[in-house]
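Below is the file protein_23.pdb, which contains PDB, C-alpha atoms and all ligand atoms.
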```
MODEL        1
ATOM      1  CA  MET Y1458       9.144  30.021 105.350
ATOM      2  CA  ALA Y1459      12.298  31.995 104.707
ATOM      3  CA  ASP Y1460      15.067  30.113 102.952
ATOM      4  CA  THR Y1461      17.940  30.554 105.407
ATOM      5  CA  SER Y1462      19.795  27.260 105.004
ATOM      6  CA  GLU Y1463      22.760  27.142 102.668
ATOM      7  CA  PHE Y1464      21.492  24.063 100.902
ATOM      8  CA  SER Y1465      17.899  24.199  99.794
ATOM      9  CA  TYR Y1466      15.511  23.329  96.993
ATOM     10  CA  GLY Y1467      16.400  26.510  95.122
ATOM     11  CA  SER Y1468      20.139  26.286  95.621
ATOM     12  CA  HIS Y1469      20.386  22.630  94.660
ATOM     13  CA  LEU Y1470      18.415  23.219  91.476
ATOM     14  CA  GLN Y1471      20.072  26.610  90.868
ATOM     15  CA  LEU Y1472      16.596  27.959  90.298
ATOM     16  CA  ASP Y1473      17.556  31.621  90.370
ATOM     17  CA  LYS Y1474      19.917  30.986  87.485
ATOM     18  CA  LEU Y1475      17.506  28.675  85.657
ATOM     19  CA  LEU Y1476      14.522  31.004  85.939
ATOM     20  CA  SER Y1477      16.513  34.009  84.808
ATOM     21  CA  THR Y1478      17.143  32.445  81.405
ATOM     22  CA  GLN Y1479      13.678  32.885  79.864
ATOM     23  CA  VAL Y1480      14.228  36.194  78.142
ATOM     24  CA  PRO Y1481      11.761  36.947  75.329
ATOM     25  CA  VAL Y1482      13.234  39.289  72.727
ATOM     26  CA  SER Y1483       9.930  40.285  71.121
ATOM     27  CA  GLY Y1484       7.777  41.238  74.074
ATOM     28  CA  ARG Y1485       5.023  39.024  72.585
ATOM     29  CA  HIS Y1486       2.999  36.875  74.968
ATOM     30  CA  ASP Y1487       3.603  33.489  73.268
ATOM     31  CA  GLU Y1488       7.370  33.784  73.109
ATOM     32  CA  LEU Y1489       7.640  32.574  76.730
ATOM     33  CA  LEU Y1490       5.926  29.317  75.751
ATOM     34  CA  PHE Y1491       8.219  29.015  72.746
ATOM     35  CA  ILE Y1492      11.359  29.489  74.875
ATOM     36  CA  ILE Y1493      10.240  27.093  77.603
ATOM     37  CA  GLN Y1494       9.320  24.380  75.114
ATOM     38  CA  HIS Y1495      12.798  24.607  73.605
ATOM     39  CA  GLN Y1496      14.652  24.846  76.903
ATOM     40  CA  THR Y1497      12.856  21.847  78.382
ATOM     41  CA  SER Y1498      13.516  19.872  75.182
ATOM     42  CA  GLU Y1499      17.223  20.721  75.422
ATOM     43  CA  LEU Y1500      17.305  19.594  79.070
ATOM     44  CA  TRP Y1501      15.752  16.271  78.149
ATOM     45  CA  PHE Y1502      18.149  15.948  75.183
ATOM     46  CA  ARG Y1503      20.929  16.354  77.715
ATOM     47  CA  LEU Y1504      19.642  13.475  79.812
ATOM     48  CA  VAL Y1505      19.113  11.292  76.743
ATOM     49  CA  LEU Y1506      22.721  11.928  75.651
ATOM     50  CA  ALA Y1507      24.009  11.032  79.127
ATOM     51  CA  GLU Y1508      21.983   7.801  79.141
ATOM     52  CA  ILE Y1509      23.207   6.847  75.662
ATOM     53  CA  ASP Y1510      26.774   7.398  76.873
ATOM     54  CA  ALA Y1511      26.070   5.246  79.933
ATOM     55  CA  ALA Y1512      24.591   2.543  77.701
ATOM     56  CA  ARG Y1513      27.674   2.573  75.483
ATOM     57  CA  SER Y1514      30.109   2.332  78.433
ATOM     58  CA  ARG Y1515      28.086  -0.492  79.963
ATOM     59  CA  LEU Y1516      27.962  -2.377  76.656
ATOM     60  CA  LYS Y1517      31.751  -2.020  76.389
ATOM     61  CA  ALA Y1518      32.116  -3.339  79.925
ATOM     62  CA  GLY Y1519      29.940  -6.363  79.127
ATOM     63  CA  ASP Y1520      27.119  -5.113  81.375
ATOM     64  CA  LEU Y1521      24.159  -5.739  79.089
ATOM     65  CA  ARG Y1522      21.541  -5.447  81.824
ATOM     66  CA  GLY Y1523      22.939  -2.069  82.849
ATOM     67  CA  ALA Y1524      22.906  -0.921  79.237
ATOM     68  CA  LEU Y1525      19.275  -1.987  78.903
ATOM     69  CA  LYS Y1526      18.345   0.013  81.973
ATOM     70  CA  ALA Y1527      19.854   3.172  80.453
ATOM     71  CA  LEU Y1528      18.165   2.518  77.099
ATOM     72  CA  LYS Y1529      14.772   2.081  78.771
ATOM     73  CA  ARG Y1530      15.235   5.531  80.242
ATOM     74  CA  VAL Y1531      16.115   6.896  76.804
ATOM     75  CA  ALA Y1532      12.873   5.450  75.421
ATOM     76  CA  VAL Y1533      10.720   6.820  78.216
ATOM     77  CA  VAL Y1534      12.221  10.310  77.960
ATOM     78  CA  LEU Y1535      11.678  10.235  74.206
ATOM     79  CA  TYR Y1536       8.063   9.295  74.886
ATOM     80  CA  HIS Y1537       7.777  12.308  77.152
ATOM     81  CA  LEU Y1538       9.319  14.524  74.446
ATOM     82  CA  VAL Y1539       6.808  13.159  71.933
ATOM     83  CA  GLN Y1540       3.910  14.033  74.251
ATOM     84  CA  SER Y1541       5.336  17.477  74.951
ATOM     85  CA  TRP Y1542       4.396  18.571  71.430
ATOM     86  CA  GLU Y1543       0.803  18.790  72.732
ATOM     87  CA  VAL Y1544       1.677  22.193  74.151
ATOM     88  CA  LEU Y1545       3.403  23.825  71.193
ATOM     89  CA  ARG Y1546       1.100  22.404  68.527
ATOM     90  CA  GLN Y1547      -1.571  24.775  69.939
ATOM     91  CA  LEU Y1548       0.557  27.803  69.023
ATOM     92  CA  ASP Y1549      -1.612  29.984  66.826
ATOM     93  CA  PRO Y1550       0.026  30.719  63.421
ATOM     94  CA  VAL Y1551      -0.769  34.434  63.691
ATOM     95  CA  ASP Y1552       0.670  34.611  67.234
ATOM     96  CA  PHE Y1553       3.872  32.889  66.050
ATOM     97  CA  LEU Y1554       4.189  35.254  63.088
ATOM     98  CA  SER Y1555       3.985  38.164  65.520
ATOM     99  CA  PHE Y1556       7.451  37.267  66.850
ATOM    100  CA  ARG Y1557       8.918  35.004  64.128
ATOM    101  CA  GLY Y1558      10.719  37.975  62.598
ATOM    102  CA  ASP Y1559      12.510  38.613  65.905
ATOM    103  CA  LEU Y1560      14.078  35.139  65.703
ATOM    104  CA  GLY Y1561      16.192  36.196  62.708
ATOM    105  CA  GLU Y1562      18.041  33.209  61.272
ATOM    106  CA  ALA Y1563      17.922  31.272  64.550
ATOM    107  CA  SER Y1564      16.543  27.764  64.103
ATOM    108  CA  GLY Y1565      16.367  24.339  65.720
ATOM    109  CA  PHE Y1566      18.798  23.414  62.975
ATOM    110  CA  GLN Y1567      21.447  24.975  65.235
ATOM    111  CA  SER Y1568      20.700  22.641  68.167
ATOM    112  CA  TRP Y1569      24.048  20.932  68.668
ATOM    113  CA  GLN Y1570      22.625  18.616  71.293
ATOM    114  CA  TYR Y1571      20.037  17.394  68.793
ATOM    115  CA  ARG Y1572      22.799  16.827  66.228
ATOM    116  CA  LEU Y1573      24.860  14.973  68.860
ATOM    117  CA  LEU Y1574      21.844  12.794  69.512
ATOM    118  CA  GLU Y1575      21.440  11.986  65.803
ATOM    119  CA  PHE Y1576      25.177  11.256  65.562
ATOM    120  CA  ALA Y1577      25.158   9.110  68.722
ATOM    121  CA  LEU Y1578      22.244   7.076  67.376
ATOM    122  CA  GLY Y1579      24.109   6.620  64.090
ATOM    123  CA  ASN Y1580      22.577   9.162  61.688
ATOM    124  CA  ARG Y1581      25.905  10.703  60.728
ATOM    125  CA  GLU Y1582      26.004  13.304  57.978
ATOM    126  CA  ARG Y1583      29.233  15.289  58.186
ATOM    127  CA  HIS Y1584      27.780  18.304  56.382
ATOM    128  CA  MET Y1585      25.496  18.807  59.370
ATOM    129  CA  LEU Y1586      28.568  20.222  61.131
ATOM    130  CA  ASP Y1587      28.312  23.320  58.919
ATOM    131  CA  ALA Y1588      25.456  24.785  60.989
ATOM    132  CA  HIS Y1589      27.803  24.946  64.002
ATOM    133  CA  ARG Y1590      30.920  26.519  62.439
ATOM    134  CA  ASP Y1591      30.571  29.592  64.671
ATOM    135  CA  ARG Y1592      30.697  27.414  67.816
ATOM    136  CA  PRO Y1593      34.068  25.642  68.087
ATOM    137  CA  GLU Y1594      33.071  23.858  71.344
ATOM    138  CA  ALA Y1595      30.058  22.352  69.601
ATOM    139  CA  ILE Y1596      32.156  21.307  66.595
ATOM    140  CA  ALA Y1597      34.697  19.669  68.919
ATOM    141  CA  GLN Y1598      31.951  17.670  70.664
ATOM    142  CA  LEU Y1599      30.345  16.672  67.378
ATOM    143  CA  GLU Y1600      33.721  15.640  65.872
ATOM    144  CA  ALA Y1601      34.461  13.604  69.009
ATOM    145  CA  GLU Y1602      31.105  11.857  68.627
ATOM    146  CA  LEU Y1603      31.847  11.054  64.971
ATOM    147  CA  SER Y1604      35.130   9.429  65.930
ATOM    148  CA  ARG Y1605      33.574   6.913  68.320
ATOM    149  CA  PRO Y1606      31.251   3.987  67.661
ATOM    150  CA  SER Y1607      27.578   4.907  67.570
ATOM    151  CA  LEU Y1608      25.143   3.246  69.964
ATOM    152  CA  TYR Y1609      24.135   0.812  67.214
ATOM    153  CA  GLN Y1610      27.762  -0.039  66.452
ATOM    154  CA  GLU Y1611      28.386  -0.806  70.137
ATOM    155  CA  CYS Y1612      25.369  -3.106  70.037
ATOM    156  CA  LEU Y1613      26.715  -4.798  66.907
ATOM    157  CA  ILE Y1614      30.043  -5.428  68.645
ATOM    158  CA  VAL Y1615      28.096  -7.191  71.416
ATOM    159  CA  LEU Y1616      26.023  -9.100  68.839
ATOM    160  CA  ASP Y1617      29.201 -10.141  67.036
ATOM    161  CA  ALA Y1618      30.780 -11.386  70.258
ATOM    162  CA  GLY Y1619      27.564 -12.999  71.504
ATOM    163  CA  ILE Y1620      26.757 -15.187  68.521
ATOM    164  CA  GLY Y1621      29.888 -15.065  66.356
ATOM    165  CA  ALA Y1622      28.017 -13.203  63.654
ATOM    166  CA  GLU Y1623      31.158 -12.415  61.617
ATOM    167  CA  ILE Y1624      30.073  -8.860  61.091
ATOM    168  CA  PRO Y1625      32.435  -7.075  58.677
ATOM    169  CA  ILE Y1626      34.725  -4.622  60.406
ATOM    170  CA  GLU Y1627      33.365  -1.671  58.340
ATOM    171  CA  ALA Y1628      30.052  -2.020  60.165
ATOM    172  CA  LEU Y1629      31.780  -1.693  63.516
ATOM    173  CA  VAL Y1630      34.101   1.258  63.000
ATOM    174  CA  PRO Y1631      33.000   4.850  63.472
ATOM    175  CA  GLY Y1632      32.990   7.495  60.792
ATOM    176  CA  GLY Y1633      30.369   8.308  58.223
ATOM    177  CA  GLY Y1634      26.887   6.989  57.611
ATOM    178  CA  TYR Y1635      25.973   3.381  58.369
ATOM    179  CA  GLU Y1636      25.317   1.016  55.469
ATOM    180  CA  GLN Y1637      23.000  -1.943  55.901
ATOM    181  CA  GLN Y1638      24.920  -5.271  56.045
ATOM    182  CA  GLN Y1639      23.738  -8.803  55.259
ATOM    183  CA  ALA Y1640      25.885 -10.297  58.061
ATOM    184  CA  VAL Y1641      24.218  -7.988  60.588
ATOM    185  CA  LEU Y1642      20.760  -9.010  59.363
ATOM    186  CA  ASP Y1643      21.746 -12.672  59.584
ATOM    187  CA  GLY Y1644      23.057 -12.092  63.115
ATOM    188  CA  TRP Y1645      19.832 -10.503  64.341
ATOM    189  CA  ALA Y1646      17.838 -13.262  62.613
ATOM    190  CA  VAL Y1647      19.693 -15.829  64.747
ATOM    191  CA  VAL Y1648      18.705 -13.862  67.864
ATOM    192  CA  TYR Y1649      15.030 -13.459  66.874
ATOM    193  CA  ARG Y1650      14.666 -17.122  65.871
ATOM    194  CA  ASP Y1651      15.846 -18.271  69.295
ATOM    195  CA  ARG Y1652      14.730 -15.629  71.781
ATOM    196  CA  ALA Y1653      15.048 -17.958  74.750
ATOM    197  CA  ARG Y1654      18.715 -18.645  74.064
ATOM    198  CA  HIS Y1655      19.641 -15.045  73.225
ATOM    199  CA  ALA Y1656      17.281 -13.302  75.651
ATOM    200  CA  GLU Y1657      19.501 -10.325  76.480
ATOM    201  CA  LEU Y1658      20.434  -9.628  72.851
ATOM    202  CA  TYR Y1659      16.753  -9.908  71.974
ATOM    203  CA  ASP Y1660      15.800  -7.403  74.675
ATOM    204  CA  LEU Y1661      18.555  -5.089  73.464
ATOM    205  CA  ALA Y1662      17.279  -5.264  69.894
ATOM    206  CA  GLU Y1663      13.680  -4.601  70.937
ATOM    207  CA  GLN Y1664      14.782  -1.675  73.081
ATOM    208  CA  LEU Y1665      16.516  -0.162  70.046
ATOM    209  CA  ILE Y1666      13.319  -0.590  68.031
ATOM    210  CA  GLU Y1667      11.407   1.136  70.825
ATOM    211  CA  ILE Y1668      13.851   4.047  70.726
ATOM    212  CA  GLU Y1669      13.702   4.437  66.958
ATOM    213  CA  ASP Y1670       9.899   4.153  66.990
ATOM    214  CA  ARG Y1671       9.656   6.986  69.521
ATOM    215  CA  PHE Y1672      12.267   9.076  67.742
ATOM    216  CA  ARG Y1673      10.192   8.789  64.563
ATOM    217  CA  CYS Y1674       7.138   9.963  66.515
ATOM    218  CA  TRP Y1675       9.134  12.992  67.703
ATOM    219  CA  ARG Y1676      10.096  13.874  64.122
ATOM    220  CA  PHE Y1677       6.480  13.393  63.001
ATOM    221  CA  ASN Y1678       5.063  15.626  65.731
ATOM    222  CA  HIS Y1679       7.655  18.260  64.867
ATOM    223  CA  VAL Y1680       6.712  18.243  61.153
ATOM    224  CA  THR Y1681       3.000  18.376  61.886
ATOM    225  CA  THR Y1682       3.416  21.168  64.408
ATOM    226  CA  VAL Y1683       5.593  23.094  61.946
ATOM    227  CA  GLU Y1684       2.983  22.672  59.211
ATOM    228  CA  ARG Y1685       0.207  23.817  61.578
ATOM    229  CA  VAL Y1686       2.177  26.889  62.545
ATOM    230  CA  ILE Y1687       4.050  28.046  59.413
ATOM    231  CA  GLY Y1688       2.584  25.922  56.596
ATOM    232  CA  ALA Y1689       5.040  25.503  53.716
ATOM    233  CA  LYS Y1690       7.094  28.621  54.429
ATOM    234  CA  GLY Y1691      10.868  28.233  54.145
ATOM    235  CA  GLY Y1692      12.624  27.817  57.498
ATOM    236  CA  THR Y1693      14.555  30.510  59.342
ATOM    237  CA  GLY Y1694      17.523  28.097  59.204
ATOM    238  CA  GLY Y1695      17.593  28.305  55.408
ATOM    239  CA  THR Y1696      15.960  24.949  54.584
ATOM    240  CA  SER Y1697      12.736  24.380  52.659
ATOM    241  CA  GLY Y1698      10.972  23.935  56.032
ATOM    242  CA  VAL Y1699       8.275  21.249  56.131
ATOM    243  CA  HIS Y1700       9.611  19.653  52.922
ATOM    244  CA  TYR Y1701      13.063  19.262  54.469
ATOM    245  CA  LEU Y1702      11.623  17.888  57.720
ATOM    246  CA  ARG Y1703       9.428  15.401  55.825
ATOM    247  CA  ARG Y1704      12.521  14.026  54.081
ATOM    248  CA  MET Y1705      14.019  13.368  57.529
ATOM    249  CA  LEU Y1706      11.075  11.041  58.289
ATOM    250  CA  ASP Y1707      12.682   8.549  55.885
ATOM    251  CA  VAL Y1708      15.879   8.244  57.940
ATOM    252  CA  VAL Y1709      16.357   4.691  59.259
ATOM    253  CA  LEU Y1710      18.670   4.313  62.250
ATOM    254  CA  PHE Y1711      18.762   0.556  62.803
ATOM    255  CA  PRO Y1712      17.924  -0.852  59.352
ATOM    256  CA  GLU Y1713      18.544  -4.563  59.993
ATOM    257  CA  LEU Y1714      16.230  -4.527  63.026
ATOM    258  CA  TRP Y1715      13.349  -3.436  60.817
ATOM    259  CA  GLU Y1716      14.399  -5.799  58.037
ATOM    260  CA  VAL Y1717      14.651  -8.823  60.334
ATOM    261  CA  ARG Y1718      10.880  -8.762  60.788
ATOM    262  CA  THR Y1719      10.455  -9.325  57.075
ATOM    263  CA  VAL Y1720      12.813 -12.278  56.866
ATOM    264  CA  LEU Y1721      11.518 -14.179  59.914
TER     265      LEU Y1721
HETATM  266  C1  LIG F1801       6.601  26.721  66.246
HETATM  267  C2  LIG F1801       7.432  25.759  66.469
HETATM  268  C3  LIG F1801       8.488  25.316  65.500
HETATM  269  C4  LIG F1801       8.635  25.618  64.190
HETATM  270  C5  LIG F1801       7.763  26.493  63.300
HETATM  271  C6  LIG F1801       9.830  24.939  63.759
HETATM  272  C7  LIG F1801      10.310  24.974  62.473
HETATM  273  C8  LIG F1801      11.421  24.319  62.033
HETATM  274  C9  LIG F1801      11.924  24.332  60.685
HETATM  275  C10 LIG F1801      11.263  25.060  59.542
HETATM  276  C11 LIG F1801      13.051  23.599  60.646
HETATM  277  C12 LIG F1801      13.942  23.324  59.454
HETATM  278  C13 LIG F1801      15.215  24.122  59.579
HETATM  279  C14 LIG F1801      15.021  25.573  59.189
HETATM  280  O1  LIG F1801      15.165  25.892  57.997
HETATM  281  O2  LIG F1801      14.744  26.386  60.085
HETATM  282  C15 LIG F1801      13.279  23.092  61.980
HETATM  283  C16 LIG F1801      14.329  22.297  62.359
HETATM  284  C17 LIG F1801      14.538  21.851  63.613
HETATM  285  N1  LIG F1801      13.786  22.139  64.722
HETATM  286 FE1  LIG F1801      12.080  23.143  64.767
HETATM  287  N2  LIG F1801      10.352  24.226  64.802
HETATM  288  C18 LIG F1801       9.565  24.440  65.899
HETATM  289  C19 LIG F1801       9.767  23.936  67.161
HETATM  290  C20 LIG F1801      10.850  23.182  67.550
HETATM  291  C21 LIG F1801      11.072  22.692  68.877
HETATM  292  C22 LIG F1801      10.172  22.890  70.078
HETATM  293  C23 LIG F1801      12.240  22.020  68.866
HETATM  294  C24 LIG F1801      12.848  21.367  70.043
HETATM  295  C25 LIG F1801      14.107  21.487  70.355
HETATM  296  C26 LIG F1801      12.753  22.073  67.513
HETATM  297  C27 LIG F1801      13.930  21.513  67.083
HETATM  298  C28 LIG F1801      14.344  21.493  65.778
HETATM  299  C29 LIG F1801      15.497  20.743  65.340
HETATM  300  C30 LIG F1801      16.396  19.885  66.203
HETATM  301  C31 LIG F1801      15.618  20.949  63.974
HETATM  302  C32 LIG F1801      16.636  20.298  63.037
HETATM  303  C33 LIG F1801      15.971  19.036  62.477
HETATM  304  C34 LIG F1801      16.812  18.261  61.512
HETATM  305  O3  LIG F1801      17.800  18.762  60.975
HETATM  306  O4  LIG F1801      16.432  17.098  61.245
HETATM  307  N3  LIG F1801      11.872  22.776  66.736
HETATM  308  N4  LIG F1801      12.270  23.534  62.799
HETATM  309  N1  LIG F1802      12.753  27.421  62.184
HETATM  310  C1  LIG F1802      11.541  28.092  62.630
HETATM  311  C2  LIG F1802      11.877  28.994  63.789
HETATM  312  C3  LIG F1802      12.005  28.156  64.962
HETATM  313  O1  LIG F1802      11.167  27.317  65.174
HETATM  314  C4  LIG F1802      13.092  28.329  65.912
HETATM  315  C5  LIG F1802      13.707  29.563  66.001
HETATM  316  C6  LIG F1802      14.689  29.779  66.951
HETATM  317  C7  LIG F1802      15.077  28.754  67.790
HETATM  318  C8  LIG F1802      14.454  27.526  67.691
HETATM  319  C9  LIG F1802      13.462  27.311  66.748
HETATM  320  N2  LIG F1802      12.856  26.085  66.733
HETATM  321  C10 LIG F1802      12.875  25.120  65.836
HETATM  322  O2  LIG F1802      13.327  25.171  64.718
HETATM  323  C11 LIG F1802      10.881  28.860  61.512
HETATM  324  O3  LIG F1802      11.314  28.754  60.377
HETATM  325  O4  LIG F1802       9.884  29.509  61.794
ENDMDL
END
```

What would you get if you wrote out this structure as structure tokens?
Ligand code: HEM
Ligand SMILES: N[C@@H](CC(=O)c1ccccc1NC=O)C(=O)O
Amino acid sequence: MADTSEFSYGSHLQLDKLLSTQVPVSGRHDELLFIIQHQTSELWFRLVLAEIDAARSRLKAGDLRGALKALKRVAVVLYHLVQSWEVLRQLDPVDFLSFRGDLGEASGFQSWQYRLLEFALGNRERHMLDAHRDRPEAIAQLEAELSRPSLYQECLIVLDAGIGAEIPIEALVPGGGYEQQQAVLDGWAVVYRDRARHAELYDLAEQLIEIEDRFRCWRFNHVTTVERVIGAKGGTGGTSGVHYLRRMLDVVLFPELWEVRTVL
């Protein structure tokens, strides 16, 4: 049926615009897959960032249940992103090489939404801003993220208030990388030892573990896909490629939540 109404499926979703943005530069068959995999990932990153922001506002407002709802959505979208590697991991190395040269120095390293996500979760390395120097809007967003508490820090503020954990102020203020703190570990231990009494804080902690678990799976699927497709070649973004990505597997976002399991 002809689309005569002003408001329709296509207009609401701005499909004409959306579907005009898959523009292969190489003319090679598999580049469409490559573009769509990246575009869909970026769309999901966008939702994840919005949900993390919602979780942080709700935590600030004392709405722990609302924050949990947003964090559950983060986890489920991450799960979907993990599964989505099933498509790209089938990319044949020879097919990728047929258009890799056309990508120049472009690389996922330049994904500012991914970097925002890492920063929002608390993996904050200032030098990561360097990849975005040619995009002032991205730098401004990334700087703004660095100047506010990470998701984990917002959770620690709630933990501190909830059980009087006496968490040192350095753990709660934004800025650089997060250092593991004994008082934070002790605080989570109180929660885990009495789940019934601290049910909401317990659920919050377990939801963070779920998120980090799935984020690790995403990183792992990325590394394995990269190794399947380009082996140990250096990356177009100037890193050592698989070796660099493997080092990122060691990043720990919520250290005390992993540690608390050992001390219980
Ligand atoms: C054939 C598929 C892919 C290959 C061969 C590949 C390869 C690489 C390599 C070698 C790097 C290291 C940076 C560099 O020197 O370029 C990298 C980083 C990155 N890639 Fe991919 N990638 C692929 C697919 C994807 C997809 C689908 C995404 C989704 C958005 C993605 C997102 C990223 C991100 C965010 C980084 C930065 C990671 C970090 O700094 O921890 N990549 N990729
Ligand atoms: N870094 C990849 C190229 C690549 O995968 C890529 C290129 C342009 C835009 C996004 C990419 N995806 C992930 O890094 C490579 O070294 O082959």

Contact table chain Y vs ligand LIG 1802 (chain F), cut-off 10 Å, shortest pair per residue, all atoms listed in the file, as a Markdown table:
```
| residue | atom | partner | partner_atom | distance |
| --- | --- | --- | --- | --- |
| Y:Phe1491 | CA | F:LIG1802 | N2 | 8.1 |
| Y:Ile1492 | CA | F:LIG1802 | C7 | 8.0 |
| Y:Gln1494 | CA | F:LIG1802 | N2 | 9.3 |
| Y:His1495 | CA | F:LIG1802 | C8 | 6.8 |
| Y:Gln1496 | CA | F:LIG1802 | C8 | 9.6 |
| Y:Phe1553 | CA | F:LIG1802 | O4 | 8.1 |
| Y:Leu1554 | CA | F:LIG1802 | O4 | 8.2 |
| Y:Phe1556 | CA | F:LIG1802 | O4 | 9.6 |
| Y:Arg1557 | CA | F:LIG1802 | O4 | 6.0 |
| Y:Gly1558 | CA | F:LIG1802 | O4 | 8.5 |
| Y:Asp1559 | CA | F:LIG1802 | C5 | 9.1 |
| Y:Leu1560 | CA | F:LIG1802 | C6 | 5.5 |
| Y:Gly1561 | CA | F:LIG1802 | C5 | 7.8 |
| Y:Glu1562 | CA | F:LIG1802 | C5 | 7.4 |
| Y:Ala1563 | CA | F:LIG1802 | C6 | 4.3 |
| Y:Ser1564 | CA | F:LIG1802 | C5 | 3.9 |
| Y:Gly1565 | CA | F:LIG1802 | O2 | 3.3 |
| Y:Phe1566 | CA | F:LIG1802 | O2 | 6.0 |
| Y:Gln1567 | CA | F:LIG1802 | C7 | 7.8 |
| Y:Ser1568 | CA | F:LIG1802 | C8 | 7.9 |
| Y:His1679 | CA | F:LIG1802 | C10 | 8.7 |
| Y:Thr1682 | CA | F:LIG1802 | O1 | 9.9 |
| Y:Val1683 | CA | F:LIG1802 | O1 | 7.7 |
| Y:Val1686 | CA | F:LIG1802 | O4 | 8.2 |
| Y:Ile1687 | CA | F:LIG1802 | O4 | 6.5 |
| Y:Gly1688 | CA | F:LIG1802 | O4 | 9.7 |
| Y:Ala1689 | CA | F:LIG1802 | O3 | 9.7 |
| Y:Lys1690 | CA | F:LIG1802 | O3 | 7.3 |
| Y:Gly1691 | CA | F:LIG1802 | O3 | 6.3 |
| Y:Gly1692 | CA | F:LIG1802 | O3 | 3.3 |
| Y:Thr1693 | CA | F:LIG1802 | O3 | 3.8 |
| Y:Gly1694 | CA | F:LIG1802 | N1 | 5.7 |
| Y:Gly1695 | CA | F:LIG1802 | O3 | 8.0 |
| Y:Thr1696 | CA | F:LIG1802 | O3 | 8.3 |
| Y:Ser1697 | CA | F:LIG1802 | O3 | 9.0 |
| Y:Gly1698 | CA | F:LIG1802 | O3 | 6.5 |
| Y:Val1699 | CA | F:LIG1802 | O3 | 9.1 |
```

Expansion of the PyMOL selection byres (((chain Y and resi 1721) around 8) and not hetatm) into residues, as a list in words: Ala1646, Tyr1649, Arg1650, Val1717, Arg1718, Thr1719 and Val1720 of chain Y

Write a file of the just-selected residues containing C-alpha atoms, as a PDB file, keeping the file's coordinate frame.
```
ATOM      1  CA  ALA Y1646      17.838 -13.262  62.613  1.00  0.00           C
ATOM      2  CA  TYR Y1649      15.030 -13.459  66.874  1.00  0.00           C
ATOM      3  CA  ARG Y1650      14.666 -17.122  65.871  1.00  0.00           C
ATOM      4  CA  VAL Y1717      14.651  -8.823  60.334  1.00  0.00           C
ATOM      5  CA  ARG Y1718      10.880  -8.762  60.788  1.00  0.00           C
ATOM      6  CA  THR Y1719      10.455  -9.325  57.075  1.00  0.00           C
ATOM      7  CA  VAL Y1720      12.813 -12.278  56.866  1.00  0.00           C
TER       8      VAL Y1720
END
```

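Across the chains present, the PyMOL selection byres (((chain Y and resi 1578) around 9) and not hetatm) applied to this file returns Ile1509, Leu1573, Leu1574, Glu1575, Phe1576, Ala1577, Gly1579, Asn1580, Arg1581, Ser1607, Leu1608, Tyr1609, Glu1669, Leu1710 and Phe1711 of chain Y.
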
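For the point (25.0, 1.5, 52.1), the residues with an atom at a distance of at most 12 Å are Glu1627, Ala1628, Gly1633, Gly1634, Tyr1635, Glu1636, Gln1637, Gln1638, Gln1639, Val1709, Pro1712 and Glu1713 of chain Y, counting all atoms listed in the file.
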
Selection under test: the PyMOL selection byres (((chain Y and resi 1617-1625) around 9) and not hetatm); residues as a PyMOL selection string: chain Y and resi 1612-1616+1626-1629+1638-1641+1643-1645+1647-1648+1655+1658

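For the atom pair formed by CA of Arg1522 in chain Y and CA of Ala1656 in chain Y, the distance is 10.9 Å, given to one decimal.
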
Once 5 Å is added on each side, what are the centre and the three edge lengths, in Å to one decimal, of the axis-aligned box enclosing the listed atoms of range 1640-1646 of chain Y? Present them as lines of an AutoDock Vina configuration file.
```
center_x = 21.9
center_y = -10.6
center_z = 61.2
size_x = 18.0
size_y = 15.3
size_z = 16.3
```

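The spacing separating atom C9 of ligand LIG 1801 (chain F) from CA of Val1544 in chain Y amounts to 17.1 Å.
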
For ligand LIG 1801 (chain F), the closest of Y:Leu1490, Y:Ala1595, Y:Ala1527, Y:Ala1532 counting all atoms listed in the file is Y:Leu1490

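Proximity to Glu1663 in chain Y was assessed for Y:His1589, Y:Arg1605, Y:Lys1529, Y:Arg1572 counting only C-alpha atoms; the smallest distance is recorded for Y:Lys1529.
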